[in-house]
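For reference, the structure is listed below as structure tokens.
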Amino acid sequence: MMTKILQKETIKINCPNCKLEISEAWICEMNSIIGLRFAYICSNCEKLLGILKSPISISSQGREIRNFTQN
């Protein structure tokens with residue numbers, strides 16, 4: 001069984017799909033048999049930015065995403 005938590009987070013990132021700088025992204029925390037995963041979705045084009053095993057590091061100043069790479 002998989003559980004999901006969906007929330008909108010204020011961040012600063014350039015979406016590789018719609019090529020816009022977005023200030024918010026949807027983050028879906030998914031817990032399943034393979035473990036906890038975090039899916040990041042663009043709030044503008046609603047396309048998947050990536051899925052990671054752990055949350056990305058967000059700086060306390062401006063909450064800018066660092067070291068985010070699309071797999």
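Each chain in the structure tokens gets a letter, A, B and so on, in the order shown; residues start at 1 in every chain, and ligands are counted from 1 in the order they appear.
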
Neighbours of Asn44 in chain A within 10 Å (only C-alpha atoms; same-chain residues fewer than 5 positions away dropped), as JSON, numbers by chain? {"A": [15, 17, 18, 20, 21, 22, 23, 24, 25, 26]}

With N, CA, C and O atoms kept, could you save the residues just selected as a PDB file, in the first residue's frame?
```pdb
ATOM      1  N   CYS A  15      12.158  25.769 -14.268  1.00  0.00           N
ATOM      2  CA  CYS A  15      11.590  24.517 -14.750  1.00  0.00           C
ATOM      3  C   CYS A  15      12.226  24.161 -16.099  1.00  0.00           C
ATOM      4  O   CYS A  15      12.218  24.970 -17.024  1.00  0.00           O
ATOM      5  N   ASN A  17      11.066  22.119 -18.210  1.00  0.00           N
ATOM      6  CA  ASN A  17      10.014  21.807 -19.175  1.00  0.00           C
ATOM      7  C   ASN A  17       9.406  23.063 -19.792  1.00  0.00           C
ATOM      8  O   ASN A  17       9.347  23.203 -21.007  1.00  0.00           O
ATOM      9  N   CYS A  18       8.932  23.995 -18.950  1.00  0.00           N
ATOM     10  CA  CYS A  18       8.289  25.210 -19.468  1.00  0.00           C
ATOM     11  C   CYS A  18       9.251  26.389 -19.563  1.00  0.00           C
ATOM     12  O   CYS A  18       8.876  27.456 -20.036  1.00  0.00           O
ATOM     13  N   LEU A  20      10.397  28.442 -17.422  1.00  0.00           N
ATOM     14  CA  LEU A  20      10.093  29.613 -16.609  1.00  0.00           C
ATOM     15  C   LEU A  20      10.687  29.458 -15.222  1.00  0.00           C
ATOM     16  O   LEU A  20      10.861  28.348 -14.731  1.00  0.00           O
ATOM     17  N   GLU A  21      10.995  30.600 -14.584  1.00  0.00           N
ATOM     18  CA  GLU A  21      11.386  30.568 -13.184  1.00  0.00           C
ATOM     19  C   GLU A  21      10.109  30.511 -12.362  1.00  0.00           C
ATOM     20  O   GLU A  21       9.261  31.390 -12.475  1.00  0.00           O
ATOM     21  N   ILE A  22       9.967  29.474 -11.575  1.00  0.00           N
ATOM     22  CA  ILE A  22       8.759  29.324 -10.772  1.00  0.00           C
ATOM     23  C   ILE A  22       9.074  29.630  -9.306  1.00  0.00           C
ATOM     24  O   ILE A  22      10.209  29.494  -8.868  1.00  0.00           O
ATOM     25  N   SER A  23       8.053  30.079  -8.608  1.00  0.00           N
ATOM     26  CA  SER A  23       8.245  30.415  -7.196  1.00  0.00           C
ATOM     27  C   SER A  23       7.572  29.404  -6.274  1.00  0.00           C
ATOM     28  O   SER A  23       7.728  29.481  -5.062  1.00  0.00           O
ATOM     29  N   GLU A  24       6.838  28.459  -6.854  1.00  0.00           N
ATOM     30  CA  GLU A  24       6.180  27.414  -6.069  1.00  0.00           C
ATOM     31  C   GLU A  24       6.224  26.100  -6.840  1.00  0.00           C
ATOM     32  O   GLU A  24       6.153  26.101  -8.064  1.00  0.00           O
ATOM     33  N   ALA A  25       6.342  25.013  -6.117  1.00  0.00           N
ATOM     34  CA  ALA A  25       6.297  23.683  -6.726  1.00  0.00           C
ATOM     35  C   ALA A  25       5.475  22.775  -5.827  1.00  0.00           C
ATOM     36  O   ALA A  25       5.428  22.961  -4.611  1.00  0.00           O
ATOM     37  N   TRP A  26       4.822  21.807  -6.453  1.00  0.00           N
ATOM     38  CA  TRP A  26       4.103  20.790  -5.689  1.00  0.00           C
ATOM     39  C   TRP A  26       5.095  19.713  -5.298  1.00  0.00           C
ATOM     40  O   TRP A  26       5.911  19.272  -6.115  1.00  0.00           O
TER      41      TRP A  26
END
```

So that I can see what lies close to Leu36 in chain A, please list as an MDAnalysis selection string the residues with an atom at most 10 Å from it, counting only C-alpha atoms and leaving out residues fewer than 2 positions away in the same chain. chainID A and resid 2:4 29:34 38 52:55
